[in-house]
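J.: My file is structure_20.cif. It has mmCIF, C-alpha atoms and all ligand atoms:
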data_model
loop_
_atom_site.label_atom_id
_atom_site.label_comp_id
_atom_site.auth_asym_id
_atom_site.auth_seq_id
_atom_site.Cartn_x
_atom_site.Cartn_y
_atom_site.Cartn_z
CA MET A 1 -14.35 10.68 -57.91
CA SER A 2 -17.83 10.13 -59.40
CA SER A 3 -20.72 12.44 -58.58
CA SER A 4 -22.44 10.33 -55.99
CA HIS A 5 -22.38 12.43 -52.84
CA VAL A 6 -25.38 13.65 -50.86
CA LEU A 7 -25.26 16.42 -48.28
CA VAL A 8 -27.42 15.41 -45.32
CA LEU A 9 -28.68 18.20 -43.04
CA ASN A 10 -30.37 17.72 -39.70
CA CYS A 11 -31.29 21.14 -38.38
CA GLY A 12 -32.29 21.27 -34.69
CA SER A 13 -33.42 24.32 -32.73
CA SER A 14 -29.85 25.24 -31.71
CA SER A 15 -27.75 22.80 -33.69
CA LEU A 16 -27.07 21.61 -37.22
CA LYS A 17 -25.78 18.12 -37.85
CA PHE A 18 -24.34 17.51 -41.30
CA ALA A 19 -22.67 14.82 -43.36
CA ILE A 20 -21.59 14.28 -46.94
CA ILE A 21 -22.15 10.64 -47.80
CA ASP A 22 -20.98 8.70 -50.83
CA ILE A 23 -24.03 6.62 -51.72
CA ASN A 24 -21.91 4.13 -53.66
CA SER A 25 -19.65 3.22 -50.77
CA GLY A 26 -21.49 4.58 -47.71
CA ALA A 27 -18.30 6.47 -46.75
CA GLU A 28 -18.61 9.85 -45.08
CA ALA A 29 -16.51 12.43 -46.94
CA LEU A 30 -17.35 14.99 -44.25
CA SER A 31 -19.32 14.93 -41.02
CA GLY A 32 -19.89 17.42 -38.27
CA LEU A 33 -22.05 19.45 -35.97
CA ALA A 34 -22.68 23.17 -35.59
CA GLU A 35 -23.79 23.72 -32.02
CA ARG A 36 -24.91 26.44 -29.60
CA LEU A 37 -26.41 28.30 -32.58
CA ALA A 38 -27.92 31.71 -31.70
CA GLU A 39 -26.20 31.41 -28.32
CA GLN A 40 -22.83 32.42 -26.87
CA ALA A 41 -19.76 30.86 -28.49
CA PRO A 42 -21.36 28.89 -31.34
CA LEU A 43 -18.96 26.66 -33.26
CA ILE A 44 -18.73 24.07 -36.01
CA LYS A 45 -16.90 20.81 -35.31
CA TYR A 46 -16.16 18.61 -38.28
CA LYS A 47 -14.28 15.51 -39.36
CA HIS A 48 -12.65 15.17 -42.76
CA ASN A 49 -10.18 12.48 -43.84
CA GLY A 50 -9.90 11.29 -40.24
CA SER A 51 -8.87 14.68 -38.87
CA LYS A 52 -11.07 16.67 -36.50
CA GLN A 53 -11.28 20.47 -36.82
CA CYS A 54 -13.25 23.39 -35.37
CA ILE A 55 -14.54 26.67 -36.81
CA ASP A 56 -15.51 29.36 -34.29
CA LEU A 57 -18.60 31.41 -35.15
CA ASN A 58 -19.50 34.80 -33.67
CA ALA A 59 -21.78 35.02 -30.63
CA GLY A 60 -25.41 34.94 -31.76
CA ASP A 61 -24.67 33.47 -35.20
CA ALA A 62 -27.52 31.18 -36.16
CA HIS A 63 -28.42 28.58 -38.81
CA GLN A 64 -27.96 30.81 -41.87
CA VAL A 65 -24.41 31.76 -40.87
CA ALA A 66 -23.59 28.15 -39.98
CA ILE A 67 -24.83 26.98 -43.38
CA LYS A 68 -22.84 29.71 -45.16
CA GLN A 69 -19.72 28.54 -43.32
CA LEU A 70 -20.55 24.96 -44.18
CA VAL A 71 -20.90 25.84 -47.87
CA LYS A 72 -17.52 27.61 -47.74
CA LEU A 73 -15.98 24.55 -46.12
CA VAL A 74 -17.53 22.17 -48.66
CA LYS A 75 -16.07 24.30 -51.47
CA GLN A 76 -12.65 24.61 -49.79
CA LEU A 77 -12.47 20.84 -49.36
CA ASP A 78 -13.36 20.41 -53.03
CA LEU A 79 -16.48 18.41 -52.19
CA ALA A 80 -19.13 20.57 -53.90
CA GLN A 81 -18.76 19.25 -57.44
CA ASN A 82 -19.62 15.70 -56.36
CA LEU A 83 -22.90 16.60 -54.73
CA ILE A 84 -26.05 15.32 -56.42
CA ALA A 85 -28.64 16.29 -53.79
CA VAL A 86 -29.30 17.72 -50.35
CA GLY A 87 -31.34 15.53 -47.98
CA HIS A 88 -33.10 17.19 -45.04
CA ARG A 89 -34.36 15.49 -41.93
CA VAL A 90 -37.81 16.90 -41.15
CA VAL A 91 -39.33 15.87 -37.85
CA HIS A 92 -43.07 16.17 -38.51
CA GLY A 93 -44.79 15.46 -41.80
CA GLY A 94 -48.27 15.08 -40.27
CA GLU A 95 -50.57 13.11 -42.57
CA HIS A 96 -49.19 14.94 -45.61
CA PHE A 97 -46.20 12.67 -46.18
CA THR A 98 -46.00 8.90 -46.24
CA LYS A 99 -42.55 8.90 -47.83
CA SER A 100 -39.63 11.18 -48.67
CA VAL A 101 -40.32 13.90 -51.25
CA LEU A 102 -38.65 16.43 -53.53
CA ILE A 103 -39.06 19.83 -51.89
CA ASN A 104 -41.15 22.40 -53.76
CA ASP A 105 -43.38 25.28 -52.61
CA ASN A 106 -46.29 22.95 -51.78
CA VAL A 107 -44.04 20.77 -49.64
CA ILE A 108 -42.73 23.83 -47.80
CA ASP A 109 -46.31 25.01 -47.16
CA ALA A 110 -47.25 21.59 -45.78
CA ILE A 111 -44.20 21.53 -43.47
CA LYS A 112 -45.16 25.04 -42.29
CA GLN A 113 -48.76 23.95 -41.64
CA THR A 114 -47.48 21.00 -39.63
CA SER A 115 -45.31 23.26 -37.45
CA VAL A 116 -48.19 23.59 -34.96
CA LEU A 117 -47.62 19.91 -34.16
CA ALA A 118 -43.83 20.31 -33.80
CA PRO A 119 -43.20 23.95 -32.87
CA LEU A 120 -39.60 23.37 -31.78
CA HIS A 121 -38.52 21.17 -34.67
CA ASN A 122 -40.25 22.00 -37.97
CA PRO A 123 -39.36 25.73 -37.99
CA ALA A 124 -35.69 24.80 -37.45
CA ASN A 125 -35.91 22.21 -40.26
CA LEU A 126 -37.37 24.91 -42.52
CA LEU A 127 -34.49 27.26 -41.71
CA GLY A 128 -32.10 24.57 -42.91
CA ILE A 129 -34.12 24.00 -46.09
CA THR A 130 -34.29 27.70 -46.98
CA ALA A 131 -30.59 28.27 -46.32
CA ALA A 132 -29.61 25.20 -48.35
CA GLN A 133 -31.89 26.23 -51.24
CA HIS A 134 -30.00 29.53 -51.43
CA ALA A 135 -26.59 27.92 -51.06
CA PHE A 136 -27.13 25.02 -53.48
CA GLU A 137 -29.76 26.40 -55.85
CA ASN A 138 -28.96 23.89 -58.60
CA LEU A 139 -29.28 20.81 -56.40
CA PRO A 140 -32.53 18.94 -55.74
CA GLN A 141 -33.54 19.23 -52.08
CA ILE A 142 -35.33 16.27 -50.54
CA ALA A 143 -37.28 16.07 -47.27
CA VAL A 144 -37.17 12.85 -45.22
CA PHE A 145 -39.74 12.73 -42.41
CA ASP A 146 -39.45 11.13 -38.96
CA THR A 147 -43.17 10.43 -39.03
CA ALA A 148 -43.49 8.94 -42.54
CA PHE A 149 -42.66 5.30 -41.65
CA HIS A 150 -45.51 5.21 -39.12
CA GLN A 151 -48.15 6.40 -41.61
CA THR A 152 -49.03 2.72 -42.19
CA MET A 153 -50.61 2.51 -38.70
CA ASP A 154 -54.36 1.80 -38.66
CA LYS A 155 -56.88 4.10 -37.02
CA HIS A 156 -57.37 1.78 -34.06
CA ALA A 157 -53.66 2.24 -33.29
CA PHE A 158 -53.27 5.94 -34.01
CA LEU A 159 -56.49 7.49 -32.62
CA TYR A 160 -56.85 8.66 -29.04
CA ALA A 161 -60.16 7.91 -27.33
CA ILE A 162 -61.14 11.58 -27.30
CA PRO A 163 -63.83 13.40 -29.36
CA TYR A 164 -63.33 12.39 -33.00
CA ALA A 165 -63.64 15.99 -34.23
CA LEU A 166 -60.29 16.79 -32.59
CA TYR A 167 -58.77 14.41 -35.13
CA THR A 168 -60.76 15.52 -38.18
CA GLU A 169 -60.56 19.25 -37.44
CA HIS A 170 -57.16 19.57 -35.77
CA GLY A 171 -55.19 16.47 -36.71
CA ILE A 172 -54.89 15.32 -33.10
CA ARG A 173 -53.78 11.69 -33.28
CA ARG A 174 -50.70 9.57 -32.65
CA TYR A 175 -48.03 10.07 -35.34
CA GLY A 176 -44.90 8.45 -33.91
CA PHE A 177 -41.29 9.50 -34.48
CA HIS A 178 -37.81 8.00 -35.03
CA GLY A 179 -39.35 6.50 -38.19
CA THR A 180 -36.13 6.72 -40.20
CA SER A 181 -34.27 4.78 -37.52
CA HIS A 182 -37.00 2.15 -37.04
CA TYR A 183 -37.14 1.70 -40.83
CA TYR A 184 -33.35 1.34 -41.15
CA VAL A 185 -32.81 -1.16 -38.34
CA SER A 186 -35.86 -3.25 -39.21
CA THR A 187 -34.74 -3.45 -42.85
CA GLN A 188 -31.27 -4.50 -41.69
CA ALA A 189 -32.78 -7.10 -39.33
CA HIS A 190 -34.72 -8.62 -42.23
CA LYS A 191 -31.47 -8.94 -44.21
CA ILE A 192 -29.28 -10.21 -41.36
CA LEU A 193 -31.81 -12.74 -40.03
CA GLY A 194 -33.25 -13.73 -43.42
CA LEU A 195 -36.79 -12.74 -42.37
CA SER A 196 -39.52 -12.87 -44.99
CA HIS A 197 -41.28 -9.57 -45.73
CA ASP A 198 -44.57 -11.49 -45.97
CA GLN A 199 -44.37 -12.99 -42.54
CA SER A 200 -42.22 -11.08 -40.09
CA ARG A 201 -42.86 -9.78 -36.59
CA VAL A 202 -40.24 -7.34 -35.43
CA ILE A 203 -40.09 -4.93 -32.50
CA SER A 204 -37.53 -2.19 -32.68
CA ALA A 205 -36.42 -0.22 -29.59
CA HIS A 206 -34.69 3.06 -30.42
CA LEU A 207 -33.14 4.09 -27.09
CA GLY A 208 -31.23 7.36 -27.13
CA ASN A 209 -31.93 10.68 -25.43
CA GLY A 210 -35.41 10.15 -26.87
CA CYS A 211 -36.76 6.59 -26.74
CA SER A 212 -39.46 4.82 -28.72
CA VAL A 213 -40.53 1.30 -29.63
CA ALA A 214 -42.16 0.32 -32.93
CA ALA A 215 -44.14 -2.81 -33.79
CA ILE A 216 -43.27 -3.73 -37.38
CA LYS A 217 -45.30 -6.40 -39.20
CA ASN A 218 -44.12 -7.58 -42.61
CA GLY A 219 -41.83 -4.55 -42.82
CA LYS A 220 -44.57 -2.00 -41.99
CA SER A 221 -45.06 -0.03 -38.80
CA VAL A 222 -48.33 -1.09 -37.14
CA ASP A 223 -47.85 0.71 -33.82
CA THR A 224 -45.33 2.85 -32.01
CA SER A 225 -44.97 4.25 -28.52
CA MET A 226 -44.60 7.98 -29.30
CA GLY A 227 -47.77 9.88 -30.13
CA LEU A 228 -48.90 13.36 -31.12
CA THR A 229 -45.54 14.53 -29.79
CA PRO A 230 -42.33 12.71 -28.84
CA LEU A 231 -43.38 12.88 -25.16
CA GLU A 232 -45.64 9.81 -25.16
CA GLY A 233 -44.52 6.30 -24.34
CA LEU A 234 -41.27 5.23 -22.73
CA VAL A 235 -39.26 6.85 -19.95
CA MET A 236 -36.52 8.94 -21.64
CA GLY A 237 -33.50 11.05 -20.62
CA THR A 238 -35.56 14.05 -19.51
CA ARG A 239 -39.08 13.11 -20.72
CA SER A 240 -41.63 11.37 -18.53
CA GLY A 241 -43.23 9.25 -21.25
CA ASP A 242 -46.78 8.06 -20.41
CA ILE A 243 -48.43 9.69 -17.41
CA ASP A 244 -52.00 10.04 -16.21
CA PRO A 245 -53.30 13.14 -18.05
CA GLY A 246 -55.05 13.98 -14.74
CA LEU A 247 -51.62 15.06 -13.52
CA PHE A 248 -51.98 18.16 -15.69
CA SER A 249 -54.99 19.58 -13.82
CA PHE A 250 -53.48 18.55 -10.48
CA LEU A 251 -50.32 20.53 -11.20
CA VAL A 252 -52.32 23.51 -12.52
CA ASN A 253 -55.09 23.57 -9.90
CA GLN A 254 -53.25 22.41 -6.81
CA LEU A 255 -49.68 23.54 -7.41
CA ASN A 256 -50.31 26.63 -9.57
CA TYR A 257 -48.30 25.45 -12.57
CA THR A 258 -48.86 27.20 -15.90
CA ALA A 259 -49.35 25.12 -19.07
CA SER A 260 -45.80 25.90 -20.19
CA ALA A 261 -44.39 24.98 -16.76
CA VAL A 262 -46.11 21.57 -17.01
CA ASP A 263 -44.69 21.19 -20.51
CA GLU A 264 -41.20 22.02 -19.25
CA LEU A 265 -41.57 19.64 -16.29
CA LEU A 266 -42.61 16.69 -18.43
CA ASN A 267 -40.21 17.33 -21.33
CA LYS A 268 -37.09 18.65 -19.65
CA LYS A 269 -37.10 17.73 -15.95
CA SER A 270 -38.54 14.21 -15.85
CA GLY A 271 -37.43 10.78 -17.05
CA LEU A 272 -34.04 9.45 -15.89
CA LEU A 273 -33.10 12.95 -14.71
CA GLY A 274 -36.29 13.48 -12.72
CA ILE A 275 -36.16 10.15 -10.90
CA SER A 276 -32.41 10.03 -10.27
CA GLU A 277 -32.07 13.77 -9.50
CA LEU A 278 -28.60 13.20 -10.91
CA SER A 279 -28.39 13.12 -14.68
CA ASN A 280 -30.28 12.47 -17.91
CA ASP A 281 -27.27 10.57 -19.24
CA CYS A 282 -27.69 6.82 -19.07
CA ARG A 283 -23.97 6.16 -18.68
CA ALA A 284 -23.78 8.45 -15.63
CA ILE A 285 -26.88 6.76 -14.16
CA GLU A 286 -25.41 3.29 -14.70
CA GLU A 287 -22.13 4.32 -13.05
CA ALA A 288 -23.95 5.81 -10.06
CA ALA A 289 -26.22 2.75 -9.75
CA ALA A 290 -23.16 0.47 -9.80
CA GLN A 291 -21.86 2.44 -6.80
CA GLY A 292 -25.13 1.96 -4.92
CA HIS A 293 -26.90 5.29 -5.60
CA PRO A 294 -30.55 4.35 -4.72
CA GLN A 295 -32.32 6.83 -7.03
CA ALA A 296 -30.05 5.96 -9.96
CA THR A 297 -30.92 2.31 -9.39
CA LEU A 298 -34.61 3.20 -9.22
CA ALA A 299 -34.36 5.26 -12.44
CA LEU A 300 -32.86 2.26 -14.27
CA ASP A 301 -35.47 -0.08 -12.80
CA ILE A 302 -38.35 2.14 -13.92
CA PHE A 303 -36.77 2.69 -17.36
CA CYS A 304 -36.34 -1.05 -17.93
CA TYR A 305 -39.71 -2.07 -16.49
CA ARG A 306 -41.62 0.40 -18.67
CA LEU A 307 -39.60 -0.62 -21.73
CA ALA A 308 -40.19 -4.34 -21.19
CA LYS A 309 -43.91 -3.70 -20.58
CA GLN A 310 -44.19 -1.72 -23.85
CA ILE A 311 -42.32 -4.39 -25.83
CA ALA A 312 -44.58 -7.13 -24.43
CA ALA A 313 -47.67 -5.04 -25.31
CA PHE A 314 -46.51 -4.84 -28.94
CA VAL A 315 -46.57 -8.62 -29.25
CA VAL A 316 -50.38 -8.14 -29.42
CA PRO A 317 -50.50 -6.31 -32.79
CA LEU A 318 -47.78 -8.61 -34.15
CA GLY A 319 -49.31 -11.87 -32.90
CA GLY A 320 -45.85 -13.13 -31.90
CA LEU A 321 -42.20 -12.13 -32.12
CA ASP A 322 -39.35 -13.01 -34.46
CA ALA A 323 -36.84 -10.32 -33.49
CA LEU A 324 -36.38 -7.58 -30.92
CA ILE A 325 -33.93 -4.91 -32.07
CA PHE A 326 -31.96 -2.59 -29.79
CA THR A 327 -30.56 0.61 -31.28
CA GLY A 328 -29.70 4.25 -30.38
CA GLY A 329 -26.97 5.31 -27.93
CA ILE A 330 -28.40 3.25 -25.05
CA GLY A 331 -29.64 0.33 -27.16
CA GLU A 332 -26.30 0.01 -28.97
CA ASN A 333 -24.11 0.27 -25.87
CA SER A 334 -25.84 -0.62 -22.63
CA ASP A 335 -25.45 -4.35 -22.00
CA VAL A 336 -26.91 -3.64 -18.53
CA ILE A 337 -30.25 -2.32 -19.78
CA ARG A 338 -30.49 -4.92 -22.55
CA SER A 339 -29.96 -7.83 -20.18
CA LYS A 340 -32.47 -6.48 -17.61
CA VAL A 341 -35.12 -6.01 -20.32
CA VAL A 342 -34.50 -9.33 -22.09
CA ASN A 343 -34.63 -11.15 -18.72
CA MET A 344 -38.06 -9.63 -18.04
CA LEU A 345 -39.17 -10.93 -21.46
CA ALA A 346 -37.95 -14.51 -20.94
CA PHE A 347 -41.57 -15.72 -21.23
CA LEU A 348 -41.42 -14.77 -24.94
CA GLY A 349 -38.58 -17.27 -25.42
CA LEU A 350 -35.74 -14.72 -25.20
CA ASN A 351 -32.62 -15.79 -23.24
CA ILE A 352 -29.70 -13.40 -23.00
CA ASP A 353 -26.23 -14.71 -23.93
CA THR A 354 -23.88 -12.75 -21.66
CA ASP A 355 -20.82 -12.96 -23.91
CA LYS A 356 -22.72 -11.99 -27.06
CA ASN A 357 -24.39 -9.15 -25.14
CA LEU A 358 -20.99 -7.78 -24.06
CA ALA A 359 -19.59 -8.17 -27.58
CA ALA A 360 -22.41 -6.18 -29.24
CA ARG A 361 -21.36 -2.72 -28.05
CA PHE A 362 -19.57 0.36 -29.36
CA GLY A 363 -20.68 -0.03 -32.97
CA ASN A 364 -20.67 -3.84 -33.13
CA GLN A 365 -23.90 -5.47 -34.21
CA GLY A 366 -25.06 -8.96 -33.38
CA VAL A 367 -27.62 -11.32 -31.90
CA ILE A 368 -27.45 -11.20 -28.08
CA THR A 369 -29.68 -14.14 -27.22
CA SER A 370 -28.75 -17.81 -27.15
CA GLN A 371 -31.17 -18.62 -29.96
CA ILE A 372 -32.09 -17.05 -33.30
CA GLN A 373 -35.87 -17.56 -33.30
CA PRO A 374 -37.02 -15.44 -31.60
CA CYS A 375 -33.96 -13.34 -30.91
CA ALA A 376 -32.82 -10.01 -29.56
CA ILE A 377 -30.31 -8.27 -31.81
CA VAL A 378 -28.26 -5.07 -31.61
CA ILE A 379 -28.14 -3.04 -34.84
CA PRO A 380 -26.45 0.39 -34.88
CA THR A 381 -28.81 2.85 -36.48
CA ASN A 382 -27.89 5.01 -39.48
CA GLU A 383 -30.52 7.64 -40.15
CA GLU A 384 -28.08 9.66 -42.30
CA TRP A 385 -27.74 6.70 -44.65
CA VAL A 386 -31.51 6.47 -45.15
CA ILE A 387 -31.70 10.22 -45.80
CA ALA A 388 -28.79 10.04 -48.26
CA THR A 389 -30.15 7.07 -50.20
CA ASP A 390 -33.72 8.43 -50.32
CA ALA A 391 -32.38 11.80 -51.52
CA ALA A 392 -30.17 10.17 -54.17
CA THR A 393 -33.02 7.98 -55.46
CA ILE A 394 -35.43 10.91 -55.75
CA ALA A 395 -32.74 13.15 -57.31
CA GLN A 396 -31.97 10.49 -59.93
CA GLU A 397 -35.67 10.25 -60.85
CA GLN A 398 -35.76 13.98 -61.77
P1 LIG B 1 -28.26 9.11 -28.63
O1 LIG B 1 -29.36 10.13 -28.37
O2 LIG B 1 -28.68 8.01 -29.53
O3 LIG B 1 -26.95 9.72 -28.98
O4 LIG B 1 -28.02 8.39 -27.19
C1 LIG B 1 -27.58 9.08 -26.06
C2 LIG B 1 -27.71 8.18 -24.82
O5 LIG B 1 -26.90 7.01 -25.02
C3 LIG B 1 -27.22 8.85 -23.54
O6 LIG B 1 -28.14 8.59 -22.49
C4 LIG B 1 -25.92 8.11 -23.28
O7 LIG B 1 -25.61 8.06 -21.90
C5 LIG B 1 -26.25 6.72 -23.80
N1 LIG B 1 -25.03 5.93 -23.96
C6 LIG B 1 -24.02 6.13 -24.84
N2 LIG B 1 -23.02 5.22 -24.60
C7 LIG B 1 -23.43 4.45 -23.55
C8 LIG B 1 -22.86 3.36 -22.83
N3 LIG B 1 -21.66 2.87 -23.13
N4 LIG B 1 -23.57 2.82 -21.83
C9 LIG B 1 -24.79 3.30 -21.50
N5 LIG B 1 -25.38 4.33 -22.15
C10 LIG B 1 -24.71 4.90 -23.14
#
Give the structure from the file, written as structure tokens.
T.:
Amino acid sequence: MSSSHVLVLNCGSSSLKFAIIDINSGAEALSGLAERLAEQAPLIKYKHNGSKQCIDLNAGDAHQVAIKQLVKLVKQLDLAQNLIAVGHRVVHGGEHFTKSVLINDNVIDAIKQTSVLAPLHNPANLLGITAAQHAFENLPQIAVFDTAFHQTMDKHAFLYAIPYALYTEHGIRRYGFHGTSHYYVSTQAHKILGLSHDQSRVISAHLGNGCSVAAIKNGKSVDTSMGLTPLEGLVMGTRSGDIDPGLFSFLVNQLNYTASAVDELLNKKSGLLGISELSNDCRAIEEAAAQGHPQATLALDIFCYRLAKQIAAFVVPLGGLDALIFTGGIGENSDVIRSKVVNMLAFLGLNIDTDKNLAARFGNQGVITSQIQPCAIVIPTNEEWVIATDAATIAQEQ
């Protein structure tokens, strides 16, 4: 085996997703998830050579312990000597980072400074970085940012119409997220459809637990639906997406909500869950709607309407449409949502092909409209692959 493996770490507030990827073949030598970290009964689930295994951790064990166990596992499986780099997903790079970077003290300081904009995510990402630096001190560590792809947006797209000093003094602006996914699927769409990088108009819809749409002109993000935080934009599993900001003072003044209760309401209790009063899980909502559950049906209707409206709005910055990409757990699997949304966008020249739409599920990619120009296409995302290849490229430059 040649030394061509990258360890990819995606450290969440209570979880750690990991993979070891061979950048020559794209194969995953190891993949897994440590979950319920710092809670009761944390554990690591992993897959190696097709077999699935579990390691139980002690109650309260957190990221450092999980990473130590991961290092032990990597060594036991004889995978350590092939590693050339560690790639870290970092959620918020603010305006500091327009691309992936080799981690040094300045980078760590900038990620820390940006934590005010992503208080749940960046500190967890930093835990992963520090633990991996200790565990793999001889390997280059690379940070790959969710926000970096959207740093090409112009001011007219990223500024809110609020006092300008809030931007200059506090960095309050739209940043956008899911950049690694939007970058990956749009790059794939260019290859698959033979689009020219000088003249392409692509809209990518990443629809998972979090949902966002990006308008991508000539390979560059020109607008995206998420903003200062991942709450803006589309209806999501538990997030409201766009609301009238006047709701905030109504909830506080009339219903005695605190600021954190409003935050919790909009981030954790809204979206598909809030409307359906049933579940945040799209599959469960679709099943209930198919059995006639009125609020599940309404949740799907609102989700699709808002999504179609956002996609149509992004035809403005693009000046037309060559391809609409669906990705993420919902985008890759829900023929129901895709056909509803594409039908609402028929005026753009998109016509769903029912057979192709059913075929492009469960990991299968493909065009789902009857024509190619413009088309809607399903492309499974692969953020780990982007992180691995960026990390390998930067490591090889050292
Ligand atoms: P992700 O965050 O990308 O893992 O996506 C999670 C979302 O994808 C959840 O809402 C799932 O219910 C949804 N999902 C996964 N498979 C399907 C499916 N076959 N049909 C509809 N939604 C699905």
J.: Give as a list in words each residue that has an atom at most 10 Å from (-20.4, 16.8, -63.8) in the file, counting only C-alpha atoms.
T.: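 Those residues lying close to the given coordinates are Ser2, Ser3, Gln81, Asn82, Leu83 and Ile84 of chain A.
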J.: For A:Asp263, which of A:Thr229, A:Thr224, A:His293, A:Cys375 is the closest residue, counting all atoms listed in the file?
T.: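 Going through A:Thr229, A:Thr224, A:His293, A:Cys375 one by one, the smallest distance to A:Asp263 is for A:Thr229.
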J.: Could you tell me, counting only C-alpha atoms and all ligand atoms, which protein and nucleic acid residues lie no more than 9 Å from ligand LIG 1 (chain B), written as number ranges by chain?
T.: A: 206-211, 236-237, 272, 280-287, 327-337, 361-362, 381
J.: What's the separation between atom CA of A:Val65 and atom CA of A:Asn125, in Å to one decimal place?
T.: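 Separation of atom CA of A:Val65 and atom CA of A:Asn125: 15.0 Å.
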J.: Would you kindly return, as an mmCIF file with C-alpha atoms, in the frame of the given file, each protein, DNA or RNA residue with an atom no farther than 12 Å from any atom of A:Leu265, considering all atoms listed in the file and excluding same-chain residues fewer than 4 positions away?
T.:
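Generated file (out_4.cif):
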data_model
loop_
_atom_site.group_PDB
_atom_site.id
_atom_site.type_symbol
_atom_site.label_atom_id
_atom_site.label_comp_id
_atom_site.auth_asym_id
_atom_site.auth_seq_id
_atom_site.Cartn_x
_atom_site.Cartn_y
_atom_site.Cartn_z
ATOM 1 C CA LEU A 231 -43.380 12.880 -25.160
ATOM 2 C CA THR A 238 -35.560 14.050 -19.510
ATOM 3 C CA ARG A 239 -39.080 13.110 -20.720
ATOM 4 C CA SER A 240 -41.630 11.370 -18.530
ATOM 5 C CA GLY A 241 -43.230 9.250 -21.250
ATOM 6 C CA LEU A 247 -51.620 15.060 -13.520
ATOM 7 C CA PHE A 248 -51.980 18.160 -15.690
ATOM 8 C CA LEU A 251 -50.320 20.530 -11.200
ATOM 9 C CA TYR A 257 -48.300 25.450 -12.570
ATOM 10 C CA THR A 258 -48.860 27.200 -15.900
ATOM 11 C CA ALA A 259 -49.350 25.120 -19.070
ATOM 12 C CA SER A 260 -45.800 25.900 -20.190
ATOM 13 C CA ALA A 261 -44.390 24.980 -16.760
ATOM 14 C CA LYS A 269 -37.100 17.730 -15.950
ATOM 15 C CA SER A 270 -38.540 14.210 -15.850
ATOM 16 C CA GLY A 271 -37.430 10.780 -17.050
ATOM 17 C CA LEU A 273 -33.100 12.950 -14.710
ATOM 18 C CA GLY A 274 -36.290 13.480 -12.720
#
J.: Considering all atoms listed in the file, tabulate each residue of stretch 192-281 of chain A that lies at most 12 Å from stretch 95-105 of chain A along with its nearest interatomic pair and the corresponding distance in Å to one decimal; arrange the rows by chain and ascending residue number and present them as CSV.
T.:
residue,atom,partner,partner_atom,distance
A:Lys220,CA,A:Thr98,CA,11.8
A:Ser221,CA,A:Thr98,CA,11.7
A:Leu228,CA,A:Glu95,CA,11.6
J.: Compare A:Leu16, A:Ala288, A:Leu358, A:Ile23 by their minimum atom-to-atom distance to A:Pro42, counting only C-alpha atoms, and give me the closest one.
T.: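 Under the stated criterion, the closest residue is A:Leu16.
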J.: Report as JSON lines the residues of stretch 24-107 of chain A within 10 Å of stretch 170-194 of chain A, each with its shortest atom pair and distance in Å (one decimal), using all atoms listed in the file, ordered by chain and increasing residue number.
T.:
{"residue": "A:Arg89", "atom": "CA", "partner": "A:Thr180", "partner_atom": "CA", "distance": 9.1}
{"residue": "A:Val91", "atom": "CA", "partner": "A:Phe177", "partner_atom": "CA", "distance": 7.5}
{"residue": "A:His92", "atom": "CA", "partner": "A:Phe177", "partner_atom": "CA", "distance": 8.0}
{"residue": "A:Gly93", "atom": "CA", "partner": "A:Tyr175", "partner_atom": "CA", "distance": 9.0}
{"residue": "A:Gly94", "atom": "CA", "partner": "A:Tyr175", "partner_atom": "CA", "distance": 7.0}
{"residue": "A:Glu95", "atom": "CA", "partner": "A:Gly171", "partner_atom": "CA", "distance": 8.2}
J.: Write out as a PyMOL selection string which residues come within 12 Å of A:Gly12 when counting only C-alpha atoms, dropping same-chain ones fewer than 6 positions away.
T.: chain A and resi 18+33-38+62-63+88-91+118-129
J.: Would you please work out which residue, of A:Gln151, A:Ser31, A:Ser200, A:Asn24, is nearest to A:Gly50 when using only C-alpha atoms?
T.: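 Smallest separation from A:Gly50 among the options: A:Ser31.
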J.: For A:Val213, list every protein, DNA or RNA residue within 8 Å, evaluated using all atoms listed in the file, and leave out those in the same chain fewer than 5 positions away; present the list as a PyMOL selection string.
T.: chain A and resi 203-206+224-226+234+310-311
J.: Between atom CA of A:Ile379 and atom CA of A:Ser276, what is the spacing in Å?
T.: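 For atom CA of A:Ser276 relative to atom CA of A:Ile379, the distance reads 28.2 Å.
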J.: Using all atoms listed in the file, determine which residues lie at most 12 Å from A:Ser4, disregarding the query and same-chain residues fewer than 3 positions distant; provide the list as a list in words.
T.: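 Close residues of A:Ser4: Met1, Leu7, Ile20, Ile21, Asp22, Ile23, Asn24, Ser25, Gly26, Ala27, Glu28, Ala29, Leu79, Ala80, Gln81, Asn82, Leu83, Ile84, Ala85, Val86, Ala388, Thr389, Ala391, Ala392, Thr393, Ala395 and Gln396 of chain A.
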J.: Rank nothing, just name the residue among A:Leu166, A:Val386, A:Val71, A:Val367 nearest to A:Phe136, using all atoms listed in the file.
T.: A:Val71
J.: One decimal, in Å: what's the spacing between atom CA of A:Val8 and atom CA of A:Gly87?
T.: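 Taking atom CA of A:Val8 and atom CA of A:Gly87, their separation equals 4.7 Å.
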J.: Rank nothing, just name the residue among A:Gln141, A:Gln53, A:Gln371, A:Gln76 nearest to A:Ile108, using all atoms listed in the file.
T.: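 When distances to A:Ile108 are compared using all atoms listed in the file, the smallest one comes from A:Gln141.
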